[in-house]
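S.K.: Input: one structure, supplied below.
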Number of protein chains: 2
Amino acid sequence: MTSGVRNARPPQPTLEMVAAEAGVSRATVSRVVNGSPKVRPEVVVSVTAAIERLNYVPNRAARSLASRQTQSVALVVPEDMTKFFGDPYFAAVVQGITQRLDESDYTLNLLVASTDPRHKTMRYLRAGNVDGALVISHHTGDNFVADLESTMPVVFGGRPTNDSGANNYFVDVDNIAGSMSGVQHLVDIGRRRIGTITGPVDMPAGIDRLTGFRRVLENAGLATDAVEHADFTASGAAAATRRLLERCPDIDALFVASDLMATGALGVLAELGRAVPRDIAVVAYDDSPAATSGPIGMTTVSQPSKEMGFAMADLLLRLLADDETVPHRNIMPTSLVLRESA
Amino acid sequence: MTSGVRNARPPQPTLEMVAAEAGVSRATVSRVVNGSPKVRPEVVVSVTAAIERLNYVPNRAARSLASRQTQSVALVVPEDMTKFFGDPYFAAVVQGITQRLDESDYTLNLLVASTDPRHKTMRYLRAGNVDGALVISHHTGDNFVADLESTMPVVFGGRPTNDSGANNYFVDVDNIAGSMSGVQHLVDIGRRRIGTITGPVDMPAGIDRLTGFRRVLENAGLATDAVEHADFTASGAAAATRRLLERCPDIDALFVASDLMATGALGVLAELGRAVPRDIAVVAYDDSPAATSGPIGMTTVSQPSKEMGFAMADLLLRLLADDETVPHRNIMPTSLVLRESA
DNA sequence: TACCAAAATGAGAGCGCTCTCACAACCCCG
DNA sequence: CGGGGTTGTGAGAGCGCTCTCATTTTGGTA
């Protein structure tokens, strides 16, 4: 058999070749490539020219092997693809992350993990493919995280479920305060029979937003039984809304734990002929594009998703730079955005 | 300064250490790790045990440097994040790709390129980070592709814009035939003043779907002037729909080049009080979740997006395996799915 | 002009793995 | 029981880069 497709490609130029071309040593070329200050300017010029001439690009594997760094970080998302792509919240976070990374020399590796067996993801991570990891949307059961943390720096989006020791690094909002502001608004506009569609209760974001809901209603002396759990998807929320309306047909307000879920809830409400906000006022959470893309603008608890992504990446990068002054937690502000739905 | 965060991690075990632990040579451990058949079964057992004991995971960089392969492929998407995340079409394709890759030892690197300067993406690719690349959603102006192809095997999703030599590998549907089936349906149900919202005309998918539209109308002896261009986003399509309605208020049918764009168009139609399908029948393209998630089910040209992703990955993997029998093109079937909108 | 510190450069030893050989152990058969 | 295969195993040379150190060059000073 002749050499196949793969081997037919012309070999990439190497450091060695650039060195020969420029008439200097490998070490000097390496210095130029890495921007070391201790190279004579005229040498820098001639080496740069040689690099240009040969169209040289350093080999990542070799560099990574020698330097024991990869210059890349992973974003681990323990959800399935559909959920990941379906929720504009993730889009915003990823955008923030890439924005920060683009300012650096690091690249991002996306690991959406339920499509992979967890096992495969961990092998990938432990095989030295990345210098650090960002973890978002993680659940109580995801104990791969402890493993990960013993291998490399990890930054969480959202308070990790095992945040006992307070030595985790994470970026989050105060979900309790956030949801309280949303639910309080419902109370303030005179609603008295308020229900909620929660996120998964194996995630801090799900739990905390429910806690905020309960706290406000208890303070106001209102019933807290109109609760249905869902999974941060539109269809899950739609089903939960149906269940809730069946069980508590008298509700006059609904707090939904995410914008995406609110689109599902709003669909059911429309279908059932419950006018929003007249019959039922709705407050959502996220302030993602989903809040404004539907027929009715959502009143929603705004969290800076993109900025959170940015902050996560920033935190990780500083950790990787051995910056010892980084704070363990970065709690960002929320605010209530009023639109038509409540 | 003391050793920081990065260096504080315990070093990973190496092949050498496993070899010592098992009392064999490095080469033998390597054979076991790579599943070579020429190792005595009892040796395999003892080496496997040693690997287990040390919790050994082979170092990717070293392996890649020595073998000149990375076991990973890139998915290059020359769009910005928002567009990428916003369109369920991409979600389906990515899902298909990962599904195929999960059966193999390859991993996926997502490069959504407009956030990166093109330059950075190319450097990454050329630095030997991946063995091959998948390119979707590429535009006429994206000439980085030629560069890429000289470096590694590339498979396109959608006929590439420069498909002159017919030596590109790609997976596509017959967009002309697909759109013709959709537009023909509009003609068949008696519509006579048919408009279209197109995709970008610097993309084959945009051009071909428009061509199909024109062809049907010309065959039927109908006017083909009710055309507005958009960019495969919901908001772009909404604006285009407004322009179209302004210019041709008399249209009784609309062919929209993607489901996502149709959501935008449908929104405008609803806002303007044009009943669908009574006043204006709408046919979309993709048959993504967007076609069924709105208030009215879309009649749409169904293309097997997920299967296309799968096929792309499959093609690339076979190319990487030096399979010389792979066909250059894989044209998949479309079908018209009838729902309420037309 | 001679001398020494500082700056610039090069030599060379790895990083952890793969892969080609050479060698050793074993098999069958005449 | 020796020749000629197999088959399994180990030694060792890289893969392309970084980084430490020794060496050379430079420039400032007496």
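In the structure tokens, chains take letters A, B, ... by order of appearance, with residues numbered from 1 within each chain and ligands from 1 in the order shown.
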Which residues in segment 27-215 of chain B does DSSP call alpha helix (DSSP H)? List them as a VMD selection string.

M.R.: chain B and resid 27 to 33 41 to 54 60 to 67 81 to 86 88 to 102 118 to 124 144 to 151 175 to 188 204 to 215

S.K.: Contacts of Met312 of chain B at 7 Å or less, counting only C-alpha atoms (C1' of nucleotides), minus same-chain residues fewer than 4 places along, as a PyMOL selection string?

M.R.: chain B and resi 97+155+157+171+308+316

S.K.: Give me, as a tab-separated table, each residue of chain D that comes within 10 Å of chain B, together with its shortest interatomic pair and the distance in Å at one decimal, counting only C-alpha atoms (C1' of nucleotides), with rows ordered by chain and rising residue number.

M.R.:
residue	atom	partner	partner_atom	distance
D:DT7	C1'	B:Lys38	CA	7.4
D:DG8	C1'	B:Val39	CA	6.2
D:DT9	C1'	B:Thr28	CA	7.0
D:DG10	C1'	B:Ser25	CA	6.2
D:DA11	C1'	B:Ser25	CA	9.2
D:DG14	C1'	B:Ala66	CA	8.1
D:DC15	C1'	B:Ala66	CA	4.5
D:DG16	C1'	B:Leu65	CA	7.5
D:DC17	C1'	B:Leu65	CA	9.9

S.K.: Looking only at the backbone, which of the residues in segment 5-75 of chain B does DSSP tag as strand (DSSP E), as a list in words?

M.R.: Ser72, Val73, Ala74 and Leu75 of chain B

S.K.: Write out the residues from the selection above, keeping all heavy atoms, as an mmCIF file, in the first residue's frame.

M.R.:
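Generated output (again_5.cif):
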data_model
loop_
_atom_site.group_PDB
_atom_site.id
_atom_site.type_symbol
_atom_site.label_atom_id
_atom_site.label_comp_id
_atom_site.auth_asym_id
_atom_site.auth_seq_id
_atom_site.Cartn_x
_atom_site.Cartn_y
_atom_site.Cartn_z
ATOM 1 N N SER B 72 -7.641 13.556 17.687
ATOM 2 C CA SER B 72 -8.771 14.457 17.823
ATOM 3 C C SER B 72 -9.002 15.230 16.535
ATOM 4 O O SER B 72 -8.095 15.399 15.724
ATOM 5 C CB SER B 72 -8.605 15.382 19.017
ATOM 6 O OG SER B 72 -7.469 16.157 18.886
ATOM 7 N N VAL B 73 -10.219 15.636 16.339
ATOM 8 C CA VAL B 73 -10.588 16.363 15.130
ATOM 9 C C VAL B 73 -11.278 17.665 15.524
ATOM 10 O O VAL B 73 -11.795 17.785 16.632
ATOM 11 C CB VAL B 73 -11.535 15.536 14.234
ATOM 12 C CG1 VAL B 73 -10.884 14.233 13.824
ATOM 13 C CG2 VAL B 73 -12.856 15.283 14.930
ATOM 14 N N ALA B 74 -11.238 18.624 14.631
ATOM 15 C CA ALA B 74 -11.831 19.917 14.930
ATOM 16 C C ALA B 74 -13.144 20.094 14.173
ATOM 17 O O ALA B 74 -13.304 19.584 13.065
ATOM 18 C CB ALA B 74 -10.883 21.031 14.524
ATOM 19 N N LEU B 75 -14.054 20.792 14.793
ATOM 20 C CA LEU B 75 -15.231 21.241 14.070
ATOM 21 C C LEU B 75 -15.110 22.750 13.949
ATOM 22 O O LEU B 75 -15.122 23.470 14.951
ATOM 23 C CB LEU B 75 -16.522 20.885 14.819
ATOM 24 C CG LEU B 75 -17.797 21.488 14.213
ATOM 25 C CD1 LEU B 75 -17.990 21.040 12.777
ATOM 26 C CD2 LEU B 75 -19.014 21.128 15.040
#

S.K.: Set the cut-off to 7 Å and count only C-alpha atoms: what are the residues of chain B that reach chain A? Output as a ChimeraX atom specification.

M.R.: /B:4-6,9,57-62,64-65,81-82,85,91,95,102,109-110,116,123,126-129,150-152,319-320,322

S.K.: Include C-alpha atoms and write out the residues we just selected as a PDB file, in the first residue's frame.

M.R.:
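What ended up in result_27.pdb:
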ATOM      1  CA  GLY B   4       2.311  27.537  43.089  1.00  0.00           C
ATOM      2  CA  VAL B   5      -1.022  25.969  42.412  1.00  0.00           C
ATOM      3  CA  ARG B   6      -0.018  24.372  39.173  1.00  0.00           C
ATOM      4  CA  ARG B   9      -0.367  18.705  41.908  1.00  0.00           C
ATOM      5  CA  VAL B  57      -3.400   7.382  31.971  1.00  0.00           C
ATOM      6  CA  PRO B  58      -1.154   7.831  28.935  1.00  0.00           C
ATOM      7  CA  ASN B  59       0.049  11.344  28.317  1.00  0.00           C
ATOM      8  CA  ARG B  60      -1.571  12.744  25.237  1.00  0.00           C
ATOM      9  CA  ALA B  61       1.163  15.164  24.279  1.00  0.00           C
ATOM     10  CA  ALA B  62       3.882  12.545  24.414  1.00  0.00           C
ATOM     11  CA  SER B  64       0.894  12.601  19.923  1.00  0.00           C
ATOM     12  CA  LEU B  65       4.458  13.781  19.521  1.00  0.00           C
ATOM     13  CA  MET B  81     -21.271  32.195  19.111  1.00  0.00           C
ATOM     14  CA  THR B  82     -24.726  33.638  19.205  1.00  0.00           C
ATOM     15  CA  PHE B  85     -25.913  28.501  19.736  1.00  0.00           C
ATOM     16  CA  ALA B  91     -27.149  21.419  17.724  1.00  0.00           C
ATOM     17  CA  GLN B  95     -24.958  15.784  18.132  1.00  0.00           C
ATOM     18  CA  ASP B 102     -18.013   8.516  20.710  1.00  0.00           C
ATOM     19  CA  ASN B 109     -12.492  20.318  19.369  1.00  0.00           C
ATOM     20  CA  LEU B 110     -15.034  22.987  18.700  1.00  0.00           C
ATOM     21  CA  ASP B 116     -11.359  34.057  17.489  1.00  0.00           C
ATOM     22  CA  ARG B 123      -2.553  28.641  14.107  1.00  0.00           C
ATOM     23  CA  ARG B 126      -1.731  24.065  12.014  1.00  0.00           C
ATOM     24  CA  ALA B 127       0.017  23.546  15.326  1.00  0.00           C
ATOM     25  CA  GLY B 128      -0.883  19.909  15.010  1.00  0.00           C
ATOM     26  CA  ASN B 129      -3.692  19.916  17.493  1.00  0.00           C
ATOM     27  CA  SER B 150      -3.183  21.452   2.431  1.00  0.00           C
ATOM     28  CA  THR B 151      -2.504  20.567   6.045  1.00  0.00           C
ATOM     29  CA  MET B 152      -4.992  17.863   6.879  1.00  0.00           C
ATOM     30  CA  LEU B 319     -10.164   9.329   5.633  1.00  0.00           C
ATOM     31  CA  LEU B 320      -7.938   9.317   8.688  1.00  0.00           C
ATOM     32  CA  ASP B 322      -6.485   5.827   5.027  1.00  0.00           C
TER      33      ASP B 322
END

S.K.: Give me the residues of chain C that have any atom at most 10 Å from an atom of chain A; for each, the nearest atom pair and the distance in Å, rounded to one decimal. Use only C-alpha atoms (C1' of nucleotides), sort by chain and number, and format it as a Markdown table.

M.R.:
| residue | atom | partner | partner_atom | distance |
| --- | --- | --- | --- | --- |
| C:DA7 | C1' | A:Lys38 | CA | 7.4 |
| C:DA8 | C1' | A:Val39 | CA | 6.2 |
| C:DT9 | C1' | A:Thr28 | CA | 6.9 |
| C:DG10 | C1' | A:Ser25 | CA | 6.1 |
| C:DA11 | C1' | A:Ser25 | CA | 9.2 |
| C:DG14 | C1' | A:Ala66 | CA | 8.2 |
| C:DC15 | C1' | A:Ala66 | CA | 4.5 |
| C:DG16 | C1' | A:Leu65 | CA | 7.5 |
| C:DC17 | C1' | A:Leu65 | CA | 9.9 |

S.K.: Ser181 of chain A: which residues within 10 Å, counting only C-alpha atoms (C1' of nucleotides), same-chain residues fewer than 3 positions away excluded, as a PDB file with N, CA and C atoms, in the first residue's frame?

M.R.:
ATOM      1  N   ASN A 175     -28.440  33.277  44.355  1.00  0.00           N
ATOM      2  CA  ASN A 175     -29.696  32.794  43.797  1.00  0.00           C
ATOM      3  C   ASN A 175     -30.876  33.012  44.733  1.00  0.00           C
ATOM      4  N   ILE A 176     -30.607  32.923  46.026  1.00  0.00           N
ATOM      5  CA  ILE A 176     -31.690  33.136  46.984  1.00  0.00           C
ATOM      6  C   ILE A 176     -32.182  34.579  46.899  1.00  0.00           C
ATOM      7  N   ALA A 177     -31.239  35.508  46.985  1.00  0.00           N
ATOM      8  CA  ALA A 177     -31.615  36.920  46.904  1.00  0.00           C
ATOM      9  C   ALA A 177     -32.269  37.228  45.565  1.00  0.00           C
ATOM     10  N   GLY A 178     -31.727  36.648  44.512  1.00  0.00           N
ATOM     11  CA  GLY A 178     -32.269  36.887  43.188  1.00  0.00           C
ATOM     12  C   GLY A 178     -33.720  36.451  43.094  1.00  0.00           C
ATOM     13  N   GLN A 184     -40.830  38.634  45.377  1.00  0.00           N
ATOM     14  CA  GLN A 184     -41.320  39.795  46.125  1.00  0.00           C
ATOM     15  C   GLN A 184     -42.115  40.727  45.205  1.00  0.00           C
ATOM     16  N   HIS A 185     -41.633  40.855  43.979  1.00  0.00           N
ATOM     17  CA  HIS A 185     -42.331  41.696  43.008  1.00  0.00           C
ATOM     18  C   HIS A 185     -43.760  41.188  42.807  1.00  0.00           C
ATOM     19  N   LEU A 186     -43.896  39.888  42.726  1.00  0.00           N
ATOM     20  CA  LEU A 186     -45.218  39.284  42.558  1.00  0.00           C
ATOM     21  C   LEU A 186     -46.119  39.639  43.749  1.00  0.00           C
ATOM     22  N   VAL A 187     -45.542  39.563  44.912  1.00  0.00           N
ATOM     23  CA  VAL A 187     -46.307  39.910  46.121  1.00  0.00           C
ATOM     24  C   VAL A 187     -46.664  41.403  46.082  1.00  0.00           C
ATOM     25  N   GLY A 212     -35.534  30.865  48.005  1.00  0.00           N
ATOM     26  CA  GLY A 212     -35.915  32.281  47.943  1.00  0.00           C
ATOM     27  C   GLY A 212     -37.423  32.441  47.824  1.00  0.00           C
ATOM     28  N   PHE A 213     -37.990  31.607  46.978  1.00  0.00           N
ATOM     29  CA  PHE A 213     -39.443  31.611  46.778  1.00  0.00           C
ATOM     30  C   PHE A 213     -40.158  31.387  48.114  1.00  0.00           C
ATOM     31  N   VAL A 216     -39.837  34.326  50.748  1.00  0.00           N
ATOM     32  CA  VAL A 216     -40.695  35.500  50.528  1.00  0.00           C
ATOM     33  C   VAL A 216     -42.139  35.195  50.916  1.00  0.00           C
ATOM     34  N   THR A 300     -38.131  39.282  34.488  1.00  0.00           N
ATOM     35  CA  THR A 300     -37.207  38.205  34.837  1.00  0.00           C
ATOM     36  C   THR A 300     -36.076  38.710  35.726  1.00  0.00           C
ATOM     37  N   VAL A 301     -35.528  37.816  36.497  1.00  0.00           N
ATOM     38  CA  VAL A 301     -34.389  38.159  37.344  1.00  0.00           C
ATOM     39  C   VAL A 301     -33.146  38.090  36.470  1.00  0.00           C
ATOM     40  N   THR A 334     -27.567  40.419  40.883  1.00  0.00           N
ATOM     41  CA  THR A 334     -28.740  40.196  40.049  1.00  0.00           C
ATOM     42  C   THR A 334     -29.603  41.445  40.126  1.00  0.00           C
ATOM     43  N   SER A 335     -30.514  41.557  39.182  1.00  0.00           N
ATOM     44  CA  SER A 335     -31.456  42.663  39.271  1.00  0.00           C
ATOM     45  C   SER A 335     -32.743  42.233  38.592  1.00  0.00           C
ATOM     46  N   LEU A 336     -33.830  42.819  39.004  1.00  0.00           N
ATOM     47  CA  LEU A 336     -35.102  42.433  38.417  1.00  0.00           C
ATOM     48  C   LEU A 336     -35.387  43.323  37.208  1.00  0.00           C
TER      49      LEU A 336
END

S.K.: Report, in Å to a single decimal, how far apart atom CA of Gly195 of chain B and atom CA of Gly182 of chain B are.

M.R.: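 Here the two named atoms are 12.4 Å from each other.
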
S.K.: Looking at only C-alpha atoms (C1' of nucleotides), which of D:DG27, D:DC1, D:DT18, D:DA13 is the one that sits closest to DA13 of chain C?

M.R.: D:DT18

S.K.: Identify which of the residues A:Leu254, A:Met261, A:Ala237, A:Val276 lies closest to Glu340 of chain A, counting only C-alpha atoms when measuring atom-to-atom distances.

M.R.: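 That would be A:Val276, the residue with the smallest distance to Glu340 of chain A.
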
S.K.: One decimal, Å: what's the distance from atom CA of Pro160 of chain A over to atom CA of Asp287 of chain A, could you say?

M.R.: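 So the two atoms, atom CA of Pro160 of chain A and atom CA of Asp287 of chain A, lie 22.4 Å apart.
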